[in-house]
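Novice: I'm passing along entry_27.csv; it holds CSV, C-alpha atoms.
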```csv
chain,number,residue,atom,x,y,z
A,1,MET,CA,48.1,56.7,25.4
A,2,GLN,CA,49.1,55.7,29.0
A,3,ASN,CA,48.6,52.1,28.1
A,4,ASN,CA,50.9,52.5,25.0
A,5,LEU,CA,53.6,54.1,27.2
A,6,LEU,CA,53.5,51.3,29.6
A,7,ARG,CA,53.8,48.7,26.9
A,8,PHE,CA,56.6,50.6,25.4
A,9,ALA,CA,58.4,50.6,28.8
A,10,VAL,CA,58.0,46.9,29.1
A,11,LEU,CA,59.4,46.4,25.6
A,12,ILE,CA,62.4,48.5,26.4
A,13,LEU,CA,63.0,46.5,29.6
A,14,VAL,CA,62.8,43.2,27.7
A,15,LEU,CA,65.2,44.5,25.1
A,16,LEU,CA,67.6,45.7,27.8
A,17,LEU,CA,67.5,42.3,29.5
A,18,ALA,CA,68.1,40.5,26.2
A,19,SER,CA,71.0,42.7,25.4
A,20,LEU,CA,72.5,42.1,28.9
A,21,SER,CA,72.9,38.4,28.2
A,22,VAL,CA,74.4,39.2,24.8
A,23,GLU,CA,76.9,41.5,26.4
A,24,ALA,CA,77.9,38.9,28.9
A,25,LEU,CA,78.3,36.0,26.6
A,26,ALA,CA,79.3,37.8,23.4
A,27,HIS,CA,80.0,35.6,20.5
A,28,GLY,CA,82.6,32.9,21.2
A,29,VAL,CA,82.0,29.8,23.1
A,30,ASP,CA,82.6,30.5,26.8
A,31,ASP,CA,85.2,28.6,28.9
A,32,LYS,CA,82.9,26.3,30.7
A,33,THR,CA,81.3,25.2,27.4
A,34,ARG,CA,84.8,24.8,26.0
A,35,MET,CA,85.8,22.5,28.8
A,36,PHE,CA,82.6,20.4,28.3
A,37,LEU,CA,83.1,20.2,24.5
A,38,GLU,CA,86.6,19.0,24.8
A,39,GLN,CA,86.1,16.5,27.5
A,40,ASN,CA,82.9,14.8,26.6
A,41,THR,CA,82.8,11.6,24.7
A,42,GLY,CA,79.9,9.8,23.0
A,43,MET,CA,76.4,11.1,22.4
A,44,GLN,CA,75.4,14.1,24.5
A,45,PHE,CA,72.1,15.0,22.9
A,46,ILE,CA,70.6,17.5,25.3
A,47,PRO,CA,73.8,19.3,26.1
A,48,PHE,CA,74.5,19.9,22.4
A,49,ILE,CA,71.0,21.2,21.9
A,50,TYR,CA,71.6,23.6,24.7
A,51,ILE,CA,74.9,24.8,23.3
A,52,GLY,CA,73.4,25.3,19.9
A,53,ALA,CA,70.5,27.2,21.3
A,54,LYS,CA,72.7,29.4,23.5
A,55,HIS,CA,75.0,30.1,20.6
A,56,MET,CA,72.3,31.3,18.3
A,57,PHE,CA,70.3,33.2,21.0
A,58,THR,CA,73.4,35.1,22.1
A,59,GLY,CA,75.1,35.4,18.7
A,60,TYR,CA,74.4,39.0,17.8
A,61,ASP,CA,75.6,38.7,14.1
A,62,HIS,CA,72.9,36.1,13.4
A,63,ILE,CA,70.3,38.1,15.3
A,64,LEU,CA,71.1,41.3,13.4
A,65,PHE,CA,70.8,39.6,10.1
A,66,LEU,CA,67.4,38.2,11.1
A,67,VAL,CA,66.2,41.6,12.3
A,68,GLY,CA,67.1,42.9,8.8
A,69,VAL,CA,65.4,40.0,7.0
A,70,ILE,CA,62.1,40.3,8.9
A,71,PHE,CA,62.1,44.0,9.2
A,72,PHE,CA,59.6,44.6,6.4
A,73,LEU,CA,57.8,41.2,6.6
A,74,TYR,CA,54.5,41.4,8.3
A,75,ARG,CA,52.7,38.4,6.9
A,76,SER,CA,53.3,35.3,9.0
A,77,ARG,CA,53.6,33.3,5.8
A,78,ASP,CA,56.4,35.5,4.5
A,79,VAL,CA,58.2,35.3,7.9
A,80,LEU,CA,57.9,31.6,7.9
A,81,LEU,CA,59.1,31.3,4.3
A,82,TYR,CA,62.2,33.5,4.7
A,83,VAL,CA,63.2,32.0,8.0
A,84,SER,CA,62.9,28.6,6.5
A,85,MET,CA,65.2,29.6,3.7
A,86,PHE,CA,67.7,30.8,6.2
A,87,THR,CA,67.4,27.6,8.2
A,88,VAL,CA,67.8,25.4,5.2
A,89,GLY,CA,70.9,27.4,4.2
A,90,HIS,CA,72.7,27.3,7.5
A,91,SER,CA,71.8,23.7,8.3
A,92,ILE,CA,73.3,22.5,5.1
A,93,THR,CA,76.7,24.2,5.7
A,94,LEU,CA,76.8,23.5,9.4
A,95,LEU,CA,76.4,19.8,8.9
A,96,TRP,CA,78.5,19.7,5.8
A,97,GLY,CA,81.3,21.9,7.3
A,98,VAL,CA,81.7,19.8,10.5
A,99,LEU,CA,81.0,16.3,9.2
A,100,GLY,CA,82.9,16.9,5.9
A,101,ASP,CA,85.7,18.5,7.9
A,102,ILE,CA,85.7,21.6,5.6
A,103,GLN,CA,88.3,24.0,6.8
A,104,VAL,CA,87.4,27.7,6.4
A,105,ASN,CA,88.9,30.6,8.2
A,106,ALA,CA,86.6,31.6,11.0
A,107,TYR,CA,87.5,35.3,10.8
A,108,LEU,CA,86.8,35.5,7.0
A,109,ILE,CA,83.5,33.7,7.5
A,110,ASP,CA,82.5,36.0,10.3
A,111,ALA,CA,83.5,38.9,8.1
A,112,ILE,CA,81.1,37.7,5.4
A,113,ILE,CA,78.4,37.3,8.1
A,114,GLY,CA,79.1,41.0,9.0
A,115,PHE,CA,78.7,41.8,5.3
A,116,SER,CA,75.4,40.0,5.2
A,117,VAL,CA,74.1,42.5,7.8
A,118,ILE,CA,75.4,45.4,5.7
A,119,TYR,CA,73.8,43.9,2.6
A,120,LYS,CA,70.4,43.5,4.3
A,121,GLY,CA,70.4,47.0,5.8
A,122,PHE,CA,71.3,48.5,2.3
A,123,ASP,CA,68.6,46.2,0.7
A,124,ASN,CA,66.0,47.4,3.2
A,125,LEU,CA,66.7,51.0,2.3
A,126,GLY,CA,65.9,50.1,-1.3
A,127,GLY,CA,69.6,50.7,-2.1
A,128,PHE,CA,69.8,48.1,-4.8
A,129,LYS,CA,66.7,49.4,-6.6
A,130,ARG,CA,68.1,53.0,-6.3
A,131,VAL,CA,71.6,52.2,-7.5
A,132,PHE,CA,71.2,49.4,-9.9
A,133,GLY,CA,67.6,49.9,-10.9
A,134,LYS,CA,66.5,46.5,-9.9
A,135,GLN,CA,65.9,44.4,-6.8
A,136,PRO,CA,68.0,41.2,-6.4
A,137,SER,CA,66.0,38.3,-5.2
A,138,THR,CA,65.6,38.7,-1.5
A,139,LYS,CA,64.8,35.0,-1.0
A,140,LEU,CA,67.9,33.9,-2.8
A,141,ALA,CA,70.0,36.3,-0.8
A,142,VAL,CA,68.7,34.9,2.5
A,143,LEU,CA,69.4,31.4,1.3
A,144,ILE,CA,73.0,32.2,0.2
A,145,PHE,CA,73.8,34.2,3.3
A,146,GLY,CA,72.2,31.4,5.3
A,147,LEU,CA,74.9,29.1,3.8
A,148,PHE,CA,77.6,31.4,5.1
A,149,HIS,CA,76.0,31.7,8.5
A,150,GLY,CA,76.1,27.9,8.7
A,151,PHE,CA,79.8,27.8,7.9
A,152,GLY,CA,80.2,30.3,10.7
A,153,LEU,CA,78.5,28.0,13.1
A,154,ALA,CA,80.6,25.1,11.9
A,155,THR,CA,83.9,27.0,12.5
A,156,LYS,CA,82.8,27.6,16.1
A,157,LEU,CA,82.5,23.8,16.6
A,158,GLN,CA,85.6,23.0,14.7
A,159,GLU,CA,87.7,25.0,17.1
A,160,PHE,CA,87.5,22.0,19.3
A,161,ASP,CA,88.7,18.5,18.5
A,162,LEU,CA,85.3,17.0,18.8
A,163,PRO,CA,85.4,13.3,19.5
A,164,ALA,CA,84.3,11.3,16.4
A,165,ASP,CA,82.3,9.0,18.8
A,166,GLY,CA,78.7,10.2,18.6
A,167,LEU,CA,79.6,13.1,16.3
A,168,VAL,CA,76.7,12.8,13.9
A,169,ALA,CA,74.1,12.6,16.7
A,170,ASN,CA,75.8,15.5,18.5
A,171,MET,CA,75.8,17.6,15.4
A,172,ILE,CA,72.2,17.0,14.7
A,173,ALA,CA,71.5,17.9,18.4
A,174,PHE,CA,73.5,21.1,17.9
A,175,ASN,CA,71.6,22.0,14.8
A,176,ILE,CA,68.2,21.4,16.5
A,177,GLY,CA,69.5,23.7,19.3
A,178,VAL,CA,70.4,26.3,16.8
A,179,GLU,CA,66.9,26.3,15.4
A,180,LEU,CA,65.4,26.4,18.9
A,181,GLY,CA,67.6,29.4,19.8
A,182,GLN,CA,66.7,31.1,16.5
A,183,PHE,CA,63.1,30.5,17.2
A,184,MET,CA,63.3,32.0,20.7
A,185,ALA,CA,65.2,35.0,19.4
A,186,LEU,CA,62.8,35.4,16.5
A,187,ALA,CA,59.8,35.4,18.9
A,188,PHE,CA,61.3,38.4,20.8
A,189,ILE,CA,62.2,40.2,17.6
A,190,LEU,CA,58.8,39.6,16.0
A,191,ILE,CA,56.9,40.8,19.1
A,192,ALA,CA,59.1,43.9,19.3
A,193,ILE,CA,58.9,44.7,15.5
A,194,ASN,CA,55.2,43.9,15.1
A,195,PHE,CA,54.4,46.1,18.1
A,196,TRP,CA,56.6,48.9,16.8
A,197,ARG,CA,55.2,48.7,13.3
A,198,LYS,CA,51.8,49.9,14.6
A,199,LEU,CA,53.4,53.1,15.8
A,200,PRO,CA,54.0,56.1,13.6
A,201,SER,CA,57.7,56.0,14.7
A,202,PHE,CA,58.3,52.8,12.7
A,203,GLN,CA,58.1,54.6,9.4
A,204,ARG,CA,59.9,57.6,10.7
A,205,PHE,CA,62.8,55.5,12.1
A,206,SER,CA,62.9,52.7,9.6
A,207,THR,CA,65.6,54.5,7.6
A,208,ALA,CA,67.6,55.2,10.8
A,209,THR,CA,67.2,51.6,11.9
A,210,ASN,CA,68.5,50.2,8.7
A,211,THR,CA,71.3,52.7,8.6
A,212,MET,CA,72.3,51.4,12.1
A,213,LEU,CA,72.1,47.8,10.8
A,214,MET,CA,74.6,48.8,8.0
A,215,SER,CA,76.8,50.4,10.6
A,216,ALA,CA,76.7,47.4,12.9
A,217,GLY,CA,77.5,45.2,10.0
A,218,LEU,CA,80.5,47.4,9.1
A,219,MET,CA,81.8,47.2,12.6
A,220,LEU,CA,81.5,43.4,12.6
A,221,MET,CA,83.3,43.2,9.3
A,222,GLY,CA,86.1,45.5,10.6
A,223,LEU,CA,86.4,43.5,13.8
A,224,GLN,CA,86.7,40.2,12.0
A,225,LEU,CA,88.9,41.4,9.2
A,226,SER,CA,91.4,42.9,11.6
A,227,GLY,CA,91.3,39.6,13.5
A,228,TYR,CA,92.1,37.9,10.2
A,229,TYR,CA,95.1,40.1,9.5
A,230,LEU,CA,96.4,40.2,13.1
A,231,TYR,CA,96.3,36.5,13.9
B,1,MET,CA,55.6,44.6,1.9
B,2,THR,CA,55.6,48.1,3.1
B,3,GLN,CA,59.2,48.5,2.1
B,4,HIS,CA,59.8,51.6,0.1
B,5,VAL,CA,62.8,52.9,-1.8
B,6,VAL,CA,64.4,55.9,-0.2
B,7,SER,CA,65.6,58.9,-2.2
B,8,THR,CA,69.1,58.9,-3.6
B,9,LYS,CA,69.9,61.8,-1.2
B,10,THR,CA,68.7,59.8,1.8
B,11,LEU,CA,70.5,56.7,0.6
B,12,VAL,CA,73.8,58.5,0.3
B,13,LYS,CA,73.3,60.2,3.7
B,14,SER,CA,72.5,56.8,5.3
B,15,THR,CA,75.5,55.1,3.8
B,16,ILE,CA,77.9,57.9,4.9
B,17,ALA,CA,76.4,58.0,8.4
B,18,ALA,CA,76.6,54.2,8.7
B,19,SER,CA,80.2,54.3,7.6
B,20,ALA,CA,81.2,57.2,9.8
B,21,ILE,CA,79.6,55.7,12.9
B,22,ALA,CA,81.2,52.4,12.2
B,23,VAL,CA,84.7,53.9,11.6
B,24,ILE,CA,84.5,56.0,14.8
B,25,VAL,CA,83.3,53.1,17.0
B,26,PHE,CA,85.7,50.7,15.4
B,27,ILE,CA,88.8,52.9,15.9
B,28,CYS,CA,87.9,54.4,19.3
B,29,PHE,CA,86.4,51.4,21.0
B,30,ILE,CA,86.6,48.1,19.2
B,31,LEU,CA,90.2,48.0,18.2
B,32,PRO,CA,91.5,49.1,21.6
B,33,ALA,CA,89.2,46.7,23.5
B,34,GLU,CA,89.7,43.7,21.3
B,35,TYR,CA,93.2,44.0,19.9
B,36,ASN,CA,94.9,46.5,22.1
B,37,ILE,CA,95.4,48.8,19.1
B,38,ASP,CA,94.8,52.3,20.2
B,39,PRO,CA,95.7,55.0,17.6
B,40,THR,CA,93.6,57.7,19.3
B,41,HIS,CA,94.6,56.8,22.9
B,42,ILE,CA,90.9,57.1,23.7
B,43,GLY,CA,90.8,53.4,24.5
B,44,HIS,CA,93.6,53.7,27.0
B,45,LYS,CA,92.0,56.7,28.7
B,46,LEU,CA,88.7,54.9,29.0
B,47,GLY,CA,90.4,51.8,30.3
B,48,LEU,CA,89.3,49.7,27.3
B,49,THR,CA,92.8,48.4,26.5
B,50,ALA,CA,92.7,46.6,29.8
B,51,LEU,CA,90.2,44.3,28.2
B,52,ALA,CA,92.7,43.2,25.6
B,53,ASP,CA,95.3,42.7,28.3
B,54,TYR,CA,92.8,40.8,30.4
B,55,ASP,CA,92.7,38.1,27.6
B,56,ASP,CA,96.4,37.7,28.1
B,57,ASP,CA,95.9,37.2,31.8
B,58,ILE,CA,93.4,34.5,31.1
B,59,ALA,CA,95.8,32.7,28.8
B,60,THR,CA,98.4,32.9,31.6
B,61,LYS,CA,96.0,31.5,34.2
B,62,ALA,CA,95.1,28.7,31.9
B,63,GLY,CA,98.9,27.8,32.2
B,64,SER,CA,99.0,24.1,32.1
B,65,ILE,CA,100.6,21.6,34.4
B,66,ALA,CA,101.5,18.1,33.2
B,67,ALA,CA,103.4,15.3,34.9
B,68,THR,CA,106.3,13.3,33.3
B,69,GLU,CA,107.0,9.6,33.9
B,70,GLN,CA,109.9,10.5,36.2
B,71,GLY,CA,107.6,12.2,38.6
B,72,GLN,CA,108.5,15.7,37.5
B,73,GLN,CA,105.9,18.4,36.8
B,74,VAL,CA,105.9,20.3,33.6
B,75,ILE,CA,104.4,23.7,34.0
B,76,GLU,CA,103.7,26.1,31.1
B,77,VAL,CA,103.0,29.8,31.7
B,78,ILE,CA,103.0,32.8,29.5
B,79,VAL,CA,104.3,36.2,30.6
B,80,PRO,CA,102.3,38.9,28.8
B,81,ALA,CA,104.2,41.7,27.1
B,82,GLU,CA,105.6,44.3,29.5
B,83,LYS,CA,104.3,42.5,32.5
B,84,GLY,CA,105.6,40.4,35.3
B,85,ILE,CA,104.1,37.2,36.8
B,86,GLU,CA,104.9,35.3,39.9
B,87,TYR,CA,104.7,31.5,40.1
B,88,LYS,CA,105.0,30.0,43.6
B,89,PHE,CA,105.2,26.7,45.5
B,90,GLN,CA,104.4,26.0,49.1
B,91,MET,CA,107.3,24.3,50.9
B,92,ASN,CA,108.2,23.4,54.5
B,93,GLN,CA,111.6,24.2,56.0
B,94,TYR,CA,114.6,22.3,54.5
B,95,GLU,CA,112.5,20.8,51.7
B,96,LYS,CA,114.3,20.5,48.4
B,97,MET,CA,113.3,21.4,44.8
B,98,THR,CA,115.1,20.7,41.6
B,99,TYR,CA,114.1,22.9,38.7
B,100,GLU,CA,114.8,23.7,35.1
B,101,TRP,CA,113.1,26.3,33.0
B,102,VAL,CA,113.4,27.6,29.5
B,103,THR,CA,111.6,30.4,27.6
B,104,ASP,CA,110.6,30.2,24.0
B,105,GLY,CA,113.4,32.5,23.0
B,106,ALA,CA,113.6,35.9,24.8
B,107,ALA,CA,115.6,36.4,28.0
B,108,LEU,CA,113.6,37.4,31.1
B,109,TYR,CA,114.5,39.2,34.2
B,110,PHE,CA,113.8,36.9,37.1
B,111,ASP,CA,114.0,36.7,40.9
B,112,LEU,CA,113.9,33.3,42.5
B,113,HIS,CA,112.9,33.9,46.1
B,114,GLY,CA,111.0,32.8,49.2
B,115,GLU,CA,108.6,34.5,51.5
B,116,PRO,CA,108.2,33.1,55.1
B,117,GLU,CA,104.8,31.7,56.1
B,118,GLY,CA,102.6,34.3,57.9
B,119,ASP,CA,105.0,37.2,57.3
B,120,THR,CA,103.2,40.5,56.8
B,121,THR,CA,106.2,42.8,56.6
B,122,GLY,CA,106.8,42.0,52.9
B,123,TYR,CA,110.2,40.4,53.6
B,124,PHE,CA,111.6,38.0,51.1
B,125,GLU,CA,114.9,36.3,50.5
B,126,SER,CA,116.3,36.0,47.0
B,127,TYR,CA,118.2,32.9,45.9
B,128,ALA,CA,119.0,34.0,42.3
B,129,ILE,CA,118.4,37.2,40.3
B,130,ALA,CA,119.5,37.5,36.7
B,131,THR,CA,118.2,38.0,33.2
B,132,LEU,CA,118.4,34.7,31.3
B,133,SER,CA,116.4,32.6,28.8
B,134,GLU,CA,117.0,29.4,30.7
B,135,MET,CA,118.2,28.1,34.0
B,136,LYS,CA,118.8,24.8,35.8
B,137,GLY,CA,119.4,24.3,39.5
B,138,SER,CA,118.1,23.3,42.9
B,139,PHE,CA,117.5,24.9,46.3
B,140,THR,CA,116.6,23.9,49.8
B,141,SER,CA,114.0,26.2,51.4
B,142,PRO,CA,115.5,28.0,54.4
B,143,PHE,CA,112.1,28.5,56.0
B,144,GLU,CA,108.5,27.4,55.6
B,145,GLY,CA,106.5,29.5,53.2
B,146,SER,CA,106.0,30.2,49.5
B,147,HIS,CA,108.9,29.9,47.1
B,148,GLY,CA,109.2,30.5,43.4
B,149,TRP,CA,109.9,32.8,40.6
B,150,TYR,CA,109.1,36.4,39.6
B,151,TRP,CA,109.5,36.8,35.9
B,152,LYS,CA,109.4,40.1,34.2
B,153,ASN,CA,108.9,40.5,30.5
B,154,ASN,CA,110.3,43.8,29.2
B,155,SER,CA,109.7,43.0,25.5
B,156,ASN,CA,106.5,43.9,23.6
B,157,LYS,CA,105.6,40.3,22.9
B,158,PRO,CA,104.4,37.6,25.3
B,159,VAL,CA,107.0,35.0,26.3
B,160,ALA,CA,106.2,31.4,27.1
B,161,ILE,CA,108.1,29.6,29.8
B,162,GLN,CA,108.3,25.9,30.3
B,163,LEU,CA,109.2,25.1,33.9
B,164,ILE,CA,110.0,21.5,35.0
B,165,VAL,CA,110.1,20.9,38.8
B,166,GLU,CA,110.7,18.0,41.0
B,167,GLY,CA,110.9,17.7,44.8
B,168,GLN,CA,108.9,18.3,47.9
B,169,TYR,CA,106.3,21.1,47.4
B,170,THR,CA,102.7,21.8,46.6
B,171,VAL,CA,101.9,24.1,43.7
B,172,ILE,CA,100.4,27.5,44.6
B,173,GLY,CA,100.6,28.6,41.0
B,174,LEU,CA,100.3,32.2,39.7
B,175,LYS,CA,100.0,34.9,42.3
```
Taking this structure as input, can you express it in the form of structure tokens?
Specialist:
Amino acid sequence: MQNNLLRFAVLILVLLLASLSVEALAHGVDDKTRMFLEQNTGMQFIPFIYIGAKHMFTGYDHILFLVGVIFFLYRSRDVLLYVSMFTVGHSITLLWGVLGDIQVNAYLIDAIIGFSVIYKGFDNLGGFKRVFGKQPSTKLAVLIFGLFHGFGLATKLQEFDLPADGLVANMIAFNIGVELGQFMALAFILIAINFWRKLPSFQRFSTATNTMLMSAGLMLMGLQLSGYYLY
Amino acid sequence: MTQHVVSTKTLVKSTIAASAIAVIVFICFILPAEYNIDPTHIGHKLGLTALADYDDDIATKAGSIAATEQGQQVIEVIVPAEKGIEYKFQMNQYEKMTYEWVTDGAALYFDLHGEPEGDTTGYFESYAIATLSEMKGSFTSPFEGSHGWYWKNNSNKPVAIQLIVEGQYTVIGLK
């Protein structure tokens, strides 16, 4: 019992520390990164990996969606499968969006990303089965929302006039960074959720947790949609 | 998967709770802090609207300086809504500055003035005070110290100013 308490305290501490960095960096690209992105020329492989990783690790909308996706996945094989679907999805649109110079509104894309969090929270509650009598494919949903998350990543990079020189290599570096950041974030989420799953409170609070996911998704959507109408 | 389908009652309750929490947080905290929209005035009381103002300040600080071929400096600053800013230059006694500034439309109250170096009494000497949307001129500093403009924006929209200066000075910038 004592041991459990201690582990729980450590877990809370880790979560607090993680949320601190999220608070400080929020979602956009910070000023120093902006300066770097606009002034660099040529291939900058490692810096772009770093920017990608940092963006993913501190991007709470992506993280919330991932929490929703792996909430009820306890077999490593399933986790790997679903995360791969998400990765394939966002890699396609990230590369396509930037290299193909596809212009999408950042606020609208971020609103859809917010919606993906609501969707996953509702899905985890069994909402679709309850309301429509059947479960839409969860794998397909992860893939499709992955595509939108990729466009979201692309719009963040398109805010800068990235030099064409070395663009492809830099984009691939950014994408690798995104996967590394996602991997790191996932490691934390998996440790936390797998630990929590063993406790009776997991079942008791799973409804509350997914309700909060929906709520957070709604907030993200509201935030982005008002940004869309105001600017 | 251990996922289970919750009862209809729980689902409805969850959805309502999620929406209610989101709406309350959105209206009371997110809108004031992000967009300076504060229907409940809670954001103002908590000091959250200052965060939205802070963004304007950053935009002002990022005010750019560029040089023209004639050796002039082109300075761009933004005066946030209902706020005043001061842009100053360090000049020695009897040094001269030629200036020209224009706003993006609205007229601004301004005070072109100088403060003597090392003065602690708050003394300053005004060279021009008016409410205009543009002005051209020159002045010779009567004493060593910081010289420049105070612009006050009384409207509810930010106003951009382009200031072109030439002469003997070093830029201090926004104060």
Novice: Can you check which residues of chain A have any atom within 10 Å of chain B? Use all atoms listed in the file and format it as a compact mmCIF listing (two decimals) with C-alpha atoms, in the coordinates of the input.
Specialist:
```
# COMPACT_ATOMS: atom_id res chain seq x y z
CA PHE A 71 62.10 44.00 9.20
CA PHE A 72 59.60 44.60 6.40
CA LEU A 73 57.80 41.20 6.60
CA TYR A 74 54.50 41.40 8.30
CA ARG A 75 52.70 38.40 6.90
CA ASP A 78 56.40 35.50 4.50
CA ILE A 118 75.40 45.40 5.70
CA GLY A 121 70.40 47.00 5.80
CA PHE A 122 71.30 48.50 2.30
CA ASP A 123 68.60 46.20 0.70
CA ASN A 124 66.00 47.40 3.20
CA LEU A 125 66.70 51.00 2.30
CA GLY A 126 65.90 50.10 -1.30
CA GLY A 127 69.60 50.70 -2.10
CA PHE A 128 69.80 48.10 -4.80
CA LYS A 129 66.70 49.40 -6.60
CA ARG A 130 68.10 53.00 -6.30
CA VAL A 131 71.60 52.20 -7.50
CA GLN A 203 58.10 54.60 9.40
CA SER A 206 62.90 52.70 9.60
CA THR A 207 65.60 54.50 7.60
CA ALA A 208 67.60 55.20 10.80
CA THR A 209 67.20 51.60 11.90
CA ASN A 210 68.50 50.20 8.70
CA THR A 211 71.30 52.70 8.60
CA MET A 212 72.30 51.40 12.10
CA LEU A 213 72.10 47.80 10.80
CA MET A 214 74.60 48.80 8.00
CA SER A 215 76.80 50.40 10.60
CA ALA A 216 76.70 47.40 12.90
CA GLY A 217 77.50 45.20 10.00
CA LEU A 218 80.50 47.40 9.10
CA MET A 219 81.80 47.20 12.60
CA LEU A 220 81.50 43.40 12.60
CA MET A 221 83.30 43.20 9.30
CA GLY A 222 86.10 45.50 10.60
CA LEU A 223 86.40 43.50 13.80
CA SER A 226 91.40 42.90 11.60
CA GLY A 227 91.30 39.60 13.50
CA LEU A 230 96.40 40.20 13.10
```
Novice: Would you work out the distance separating atom CA of Lys120 of chain A from atom CA of Gly177 of chain A, expressed in Å to one decimal?
Specialist: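 Spanning atom CA of Lys120 of chain A to atom CA of Gly177 of chain A is a straight-line distance of 24.9 Å.
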Novice: In Å, how far is it from atom CA of Lys139 of chain A to atom CA of Trp96 of chain A?
Specialist: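 Distance between the two atoms: 21.6 Å.
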Novice: Atom CA of Ala81 of chain B to atom CA of Lys152 of chain B: how many Å, to one decimal?
Specialist: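 One can read the atom CA of Ala81 of chain B to atom CA of Lys152 of chain B distance as 8.9 Å.
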Novice: Smallest atom-to-atom distance to Met56 of chain A: which of A:Tyr228, A:Phe183, A:Phe202, A:Phe195, using all atoms listed in the file?
Specialist: A:Phe183
